[in-house]
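Just upload_24.cif here, mmCIF, C-alpha atoms:
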```cif
data_structure
loop_
_atom_site.group_PDB
_atom_site.id
_atom_site.type_symbol
_atom_site.label_atom_id
_atom_site.label_comp_id
_atom_site.auth_asym_id
_atom_site.auth_seq_id
_atom_site.Cartn_x
_atom_site.Cartn_y
_atom_site.Cartn_z
ATOM 1 C CA MET N 1 -16.912 -47.393 30.904
ATOM 2 C CA LYS N 2 -16.457 -45.203 33.863
ATOM 3 C CA ASN N 3 -17.782 -41.630 33.824
ATOM 4 C CA LYS N 4 -15.128 -39.086 34.575
ATOM 5 C CA ARG N 5 -16.224 -37.016 37.494
ATOM 6 C CA ARG N 6 -15.613 -33.292 37.210
ATOM 7 C CA GLN N 7 -13.524 -31.921 39.980
ATOM 8 C CA GLU N 8 -13.332 -28.431 41.369
ATOM 9 C CA SER N 9 -9.895 -27.990 39.747
ATOM 10 C CA ASP N 10 -11.485 -28.313 36.253
ATOM 11 C CA TYR N 11 -13.228 -24.933 36.651
ATOM 12 C CA ARG N 12 -11.828 -21.392 36.676
ATOM 13 C CA THR N 13 -13.457 -18.179 37.838
ATOM 14 C CA VAL N 14 -12.428 -14.950 36.099
ATOM 15 C CA LEU N 15 -14.218 -11.639 36.731
ATOM 16 C CA GLY N 16 -17.036 -13.489 38.436
ATOM 17 C CA PHE N 17 -17.639 -15.928 35.555
ATOM 18 C CA THR N 18 -17.034 -19.598 36.226
ATOM 19 C CA LEU N 19 -16.292 -21.831 33.275
ATOM 20 C CA SER N 20 -14.415 -25.010 32.643
ATOM 21 C CA LYS N 21 -10.906 -24.911 31.191
ATOM 22 C CA ARG N 22 -12.374 -25.861 27.838
ATOM 23 C CA GLY N 23 -14.933 -23.040 28.080
ATOM 24 C CA TRP N 24 -12.212 -20.453 28.811
ATOM 25 C CA ASN N 25 -10.196 -21.743 25.851
ATOM 26 C CA ASN N 26 -13.219 -21.131 23.606
ATOM 27 C CA VAL N 27 -13.668 -17.617 25.007
ATOM 28 C CA LEU N 28 -10.008 -16.854 24.361
ATOM 29 C CA ILE N 29 -10.216 -18.132 20.761
ATOM 30 C CA TYR N 30 -13.261 -15.969 19.984
ATOM 31 C CA VAL N 31 -11.706 -12.870 21.570
ATOM 32 C CA VAL N 32 -8.566 -13.290 19.441
ATOM 33 C CA LEU N 33 -10.692 -13.740 16.279
ATOM 34 C CA ILE N 34 -12.680 -10.578 17.034
ATOM 35 C CA VAL N 35 -9.496 -8.564 17.635
ATOM 36 C CA MET N 36 -8.023 -9.847 14.354
ATOM 37 C CA PHE N 37 -11.219 -8.898 12.506
ATOM 38 C CA VAL N 38 -11.153 -5.368 13.942
ATOM 39 C CA PHE N 39 -7.478 -4.795 13.125
ATOM 40 C CA TYR N 40 -7.965 -6.152 9.610
ATOM 41 C CA PHE N 41 -10.503 -3.446 8.771
ATOM 42 C CA LEU N 42 -8.640 -0.696 10.619
ATOM 43 C CA GLY N 43 -5.552 -1.360 8.492
ATOM 44 C CA HIS N 44 -7.254 -0.873 5.123
ATOM 45 C CA ASP N 45 -7.373 2.491 3.404
ATOM 46 C CA SER N 46 -10.177 1.292 1.128
ATOM 47 C CA GLY N 47 -12.789 1.597 3.891
ATOM 48 C CA LYS N 48 -11.760 5.191 4.445
ATOM 49 C CA VAL N 49 -11.749 5.823 0.720
ATOM 50 C CA ALA N 50 -15.177 4.344 0.066
ATOM 51 C CA SER N 51 -16.773 6.800 2.476
ATOM 52 C CA ALA N 52 -14.933 9.805 1.069
ATOM 53 C CA SER N 53 -15.884 11.530 -2.156
ATOM 54 C CA ARG N 54 -12.290 12.572 -2.940
ATOM 55 C CA TRP N 55 -9.043 11.115 -1.726
ATOM 56 C CA GLN N 56 -5.389 12.075 -2.122
ATOM 57 C CA PRO N 57 -3.414 8.883 -1.471
ATOM 58 C CA PHE N 58 0.068 10.431 -1.761
ATOM 59 C CA ALA N 59 -0.471 13.862 -0.209
ATOM 60 C CA GLU N 60 0.946 12.912 3.207
ATOM 61 C CA ARG N 61 3.860 10.855 1.885
ATOM 62 C CA THR N 62 7.284 12.067 0.781
ATOM 63 C CA LEU N 63 8.038 11.033 -2.777
ATOM 64 C CA VAL N 64 11.732 10.127 -3.280
ATOM 65 C CA ALA N 65 11.712 8.442 -6.700
ATOM 66 C CA ILE N 66 9.381 8.180 -9.680
ATOM 67 C CA SER N 67 9.839 6.272 -12.910
ATOM 68 C CA ASP N 68 7.929 5.025 -15.906
ATOM 69 C CA HIS N 69 9.063 3.014 -18.920
ATOM 70 C CA LYS N 70 11.074 5.960 -20.310
ATOM 71 C CA VAL N 71 11.928 8.438 -17.530
ATOM 72 C CA SER N 72 13.352 8.004 -14.038
ATOM 73 C CA LEU N 73 13.695 10.771 -11.432
ATOM 74 C CA VAL N 74 15.342 10.444 -8.002
ATOM 75 C CA ARG N 75 15.369 12.964 -5.179
ATOM 76 C CA VAL N 76 18.872 14.007 -4.143
ATOM 77 C CA ALA N 77 18.654 16.269 -1.069
ATOM 78 C CA ASN N 78 16.084 18.901 -2.070
ATOM 79 C CA ASN N 79 16.623 18.574 -5.831
ATOM 80 C CA TRP N 80 15.516 16.066 -8.418
ATOM 81 C CA GLU N 81 18.001 14.251 -10.627
ATOM 82 C CA GLN N 82 17.034 12.496 -13.843
ATOM 83 C CA ARG N 83 18.610 9.046 -13.996
ATOM 84 C CA ALA N 84 17.219 7.688 -17.263
ATOM 85 C CA GLY N 85 15.308 8.631 -20.371
ATOM 86 C CA ASN N 86 14.921 11.672 -22.564
ATOM 87 C CA THR N 87 15.816 14.852 -20.726
ATOM 88 C CA LEU N 88 12.824 16.643 -19.233
ATOM 89 C CA ALA N 89 12.877 20.377 -18.673
ATOM 90 C CA ALA N 90 12.832 21.508 -15.043
ATOM 91 C CA ASN N 91 9.251 22.805 -15.312
ATOM 92 C CA ALA N 92 8.122 19.504 -16.905
ATOM 93 C CA GLN N 93 9.730 17.566 -14.033
ATOM 94 C CA ALA N 94 8.028 19.808 -11.485
ATOM 95 C CA ARG N 95 4.644 19.439 -13.187
ATOM 96 C CA TRP N 96 4.954 15.629 -13.372
ATOM 97 C CA LEU N 97 6.024 15.354 -9.727
ATOM 98 C CA GLN N 98 3.294 17.723 -8.555
ATOM 99 C CA ALA N 99 0.641 15.814 -10.520
ATOM 100 C CA TRP N 100 1.541 12.592 -8.696
ATOM 101 C CA GLN N 101 2.081 14.150 -5.275
ATOM 102 C CA GLU N 102 -1.299 15.923 -5.437
ATOM 103 C CA LEU N 103 -3.185 13.141 -7.255
ATOM 104 C CA SER N 104 -6.871 13.385 -6.360
ATOM 105 C CA LEU N 105 -9.080 10.305 -6.764
ATOM 106 C CA GLU N 106 -12.692 9.359 -6.328
ATOM 107 C CA PRO N 107 -14.199 5.855 -6.266
ATOM 108 C CA SER N 108 -15.586 4.614 -9.581
ATOM 109 C CA GLU N 109 -17.607 1.664 -10.803
ATOM 110 C CA GLN N 110 -15.804 1.743 -14.188
ATOM 111 C CA LEU N 111 -13.904 -1.358 -15.226
ATOM 112 C CA LEU N 112 -10.268 -0.862 -16.207
ATOM 113 C CA ALA N 113 -9.988 -0.421 -19.970
ATOM 114 C CA GLY N 114 -8.126 1.655 -22.505
ATOM 115 C CA ARG N 115 -4.468 2.568 -22.905
ATOM 116 C CA GLU N 116 -2.365 1.533 -19.916
ATOM 117 C CA TYR N 117 0.448 3.600 -18.418
ATOM 118 C CA GLN N 118 2.435 2.327 -15.436
ATOM 119 C CA VAL N 119 4.413 4.361 -12.919
ATOM 120 C CA GLU N 120 6.612 3.196 -10.067
ATOM 121 C CA LEU N 121 6.577 5.482 -7.016
ATOM 122 C CA THR N 122 8.995 5.202 -4.089
ATOM 123 C CA PHE N 123 8.240 6.967 -0.815
ATOM 124 C CA ALA N 124 10.447 7.755 2.163
ATOM 125 C CA ASP N 125 10.093 5.351 5.095
ATOM 126 C CA GLU N 126 8.544 2.624 2.916
ATOM 127 C CA ALA N 127 10.519 -0.471 2.030
ATOM 128 C CA GLU N 128 8.762 -1.270 -1.223
ATOM 129 C CA SER N 129 7.803 0.931 -4.131
ATOM 130 C CA TRP N 130 4.265 1.288 -5.460
ATOM 131 C CA LYS N 131 3.479 0.180 -9.002
ATOM 132 C CA VAL N 132 0.445 2.212 -10.039
ATOM 133 C CA GLY N 133 -1.497 1.546 -13.227
ATOM 134 C CA VAL N 134 -3.256 4.392 -15.012
ATOM 135 C CA PHE N 135 -5.782 3.629 -17.738
ATOM 136 C CA PHE N 136 -6.817 6.346 -20.186
ATOM 137 C CA TYR N 137 -10.295 5.692 -21.588
ATOM 138 C CA ASN N 138 -12.864 8.020 -23.202
ATOM 139 C CA GLY N 139 -11.095 11.209 -22.127
ATOM 140 C CA GLU N 140 -10.788 10.123 -18.490
ATOM 141 C CA ALA N 141 -8.084 8.446 -16.430
ATOM 142 C CA PHE N 142 -8.660 5.555 -14.038
ATOM 143 C CA VAL N 143 -6.151 4.368 -11.459
ATOM 144 C CA ALA N 144 -5.497 0.907 -10.046
ATOM 145 C CA LEU N 145 -3.662 1.127 -6.716
ATOM 146 C CA PRO N 146 -1.860 -1.885 -5.246
ATOM 147 C CA GLY N 147 -3.923 -3.554 -2.542
ATOM 148 C CA ALA N 148 -7.100 -1.590 -3.310
ATOM 149 C CA ASP N 149 -10.233 -3.500 -4.207
ATOM 150 C CA GLN N 150 -11.667 -0.607 -6.181
ATOM 151 C CA VAL N 151 -10.996 1.420 -9.310
ATOM 152 C CA PHE N 152 -10.514 5.170 -8.889
ATOM 153 C CA ARG N 153 -11.210 7.998 -11.322
ATOM 154 C CA VAL N 154 -8.653 10.796 -11.506
ATOM 155 C CA VAL N 155 -10.103 14.185 -10.606
ATOM 156 C CA GLY N 156 -8.402 17.084 -12.344
ATOM 157 C CA ASP N 157 -5.675 17.229 -14.968
ATOM 158 C CA HIS N 158 -4.941 13.618 -15.860
ATOM 159 C CA ALA N 159 -2.668 14.508 -18.792
ATOM 160 C CA ALA N 160 0.060 15.621 -16.367
ATOM 161 C CA LEU N 161 0.353 12.055 -15.011
ATOM 162 C CA GLU N 162 2.422 11.039 -18.053
ATOM 163 C CA ALA N 163 5.975 12.327 -18.268
ATOM 164 C CA GLN N 164 5.934 12.184 -22.075
ATOM 165 C CA SER N 165 2.908 14.482 -22.290
ATOM 166 C CA PHE N 166 5.029 17.631 -21.794
#
```

Render the structure in this file as C-alpha cells.
Amino acid sequence: MKNKRRQESDYRTVLGFTLSKRGWNNVLIYVVLIVMFVFYFLGHDSGKVASASRWQPFAERTLVAISDHKVSLVRVANNWEQRAGNTLAANAQARWLQAWQELSLEPSEQLLAGREYQVELTFADEAESWKVGVFFYNGEAFVALPGADQVFRVVGDHAALEAQSF
C-alpha cells in the first residue's frame, strides 16, 4: 500500500492559521454548533424569566381575541365584540381583558394541580394563538405557558382571570 503524500494544495491558510482542508471543515462545524447554541438560548424567554422575580408576559403584546370554554371576545377596531357565550357586561369584559393583559407572574416550584381553566389568547402580529392553562389550587393560581419549562404563580388578583367570575 502506497502512502499518500500530502501536497501543498491540501493545506489552507486563513488569518495566519494553516490547517488541512479536513481541519478547516472541523473548525467550521464547531463554529456553526456554537452559534446555534447561542441563538437557542437567546430565543427563550424562560432564561429571562428565571432571573426576574416578576414577569408580565403579555404586557408588550396587543391582544386581539380571547376565549374560554364559554365566552369569546374579539377586538373590532378599538372596541370589543362578544362572539359567543353568556353576555358579559362592559365592565366585566374590561376587567377580564385587563387581568390578562396585565398578568403578572413569578417562577414557582409548585406542581400543577387543582381545578383547571383554559384560555386561548390571540395577539396581533402572531400567526398562532396561545393556549394558556390556569390551575387554581389552595387559594392561589398557577399558570402553564406554552413552550415554558416552568410553572408560574399568578401575582395579584387571580379571580379576574376567569370570565365567569364576574

Determine, counting all atoms listed in the file, which protein, DNA and RNA residues have an atom within 12 Å of an atom of Trp80 (chain N); residues of the same chain fewer than 6 positions away are not included. Present the result as a compact mmCIF listing (two decimals) with C-alpha atoms, in the frame of the given file.
```txt
# COMPACT_ATOMS: atom_id res chain seq x y z
CA LEU N 63 8.04 11.03 -2.78
CA VAL N 64 11.73 10.13 -3.28
CA ALA N 65 11.71 8.44 -6.70
CA ILE N 66 9.38 8.18 -9.68
CA SER N 72 13.35 8.00 -14.04
CA LEU N 73 13.70 10.77 -11.43
CA VAL N 74 15.34 10.44 -8.00
CA LEU N 88 12.82 16.64 -19.23
CA ALA N 89 12.88 20.38 -18.67
CA ALA N 90 12.83 21.51 -15.04
CA ASN N 91 9.25 22.80 -15.31
CA ALA N 92 8.12 19.50 -16.90
CA GLN N 93 9.73 17.57 -14.03
CA ALA N 94 8.03 19.81 -11.48
CA TRP N 96 4.95 15.63 -13.37
CA LEU N 97 6.02 15.35 -9.73
```

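Atom to atom, CA of Ala59 (chain N) and CA of Ser108 (chain N) stand 20.0 Å apart.
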
**OP:** With a distance cut-off of 7 Å and all atoms listed in the file, select the neighbouring residues of Glu106 (chain N), excluding the residue or stretch itself and same-chain residues fewer than 3 positions from it, and output the selection as a ChimeraX atom specification.
**Re:** /N:53-55,152-155

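Nearest residue to Ala159 (chain N), choosing from N:Val132, N:Asp125, N:Tyr117, N:Asp68 and counting all atoms listed in the file: N:Tyr117.
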
**OP:** Output the residue selection produced by the PyMOL selection byres ((chain N and resi 113) around 7) on the file above, formatted as a PyMOL selection string.
**Re:** chain N and resi 111-112+114-115+135+137

For the selection you just gave me, I'd like the residues written to a file as a compact mmCIF listing (two decimals), in the coordinates of the input, keeping C-alpha atoms.
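Result file is result_10.txt:
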```
# COMPACT_ATOMS: atom_id res chain seq x y z
CA LEU N 111 -13.90 -1.36 -15.23
CA LEU N 112 -10.27 -0.86 -16.21
CA GLY N 114 -8.13 1.66 -22.50
CA ARG N 115 -4.47 2.57 -22.90
CA PHE N 135 -5.78 3.63 -17.74
CA TYR N 137 -10.30 5.69 -21.59
```

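Between CA of Val151 (chain N) and CA of Gly133 (chain N) the interatomic distance comes to 10.3 Å.
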
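Here CA of Val134 (chain N) and CA of Asp157 (chain N) stand 13.1 Å from one another.
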
Subject >> Residues within 9 Å of (10.4, 5.4, 0.5), counting only C-alpha atoms, listed as an MDAnalysis selection string >> reply: chainID N and resid 61:65 121:129

**OP:** List, as a VMD selection string, every residue that the PyMOL selection byres ((chain N and resi 103) around 9) selects in the file provided.
**Re:** chain N and resid 55 to 59 98 to 102 104 to 105 154 to 156 158 161
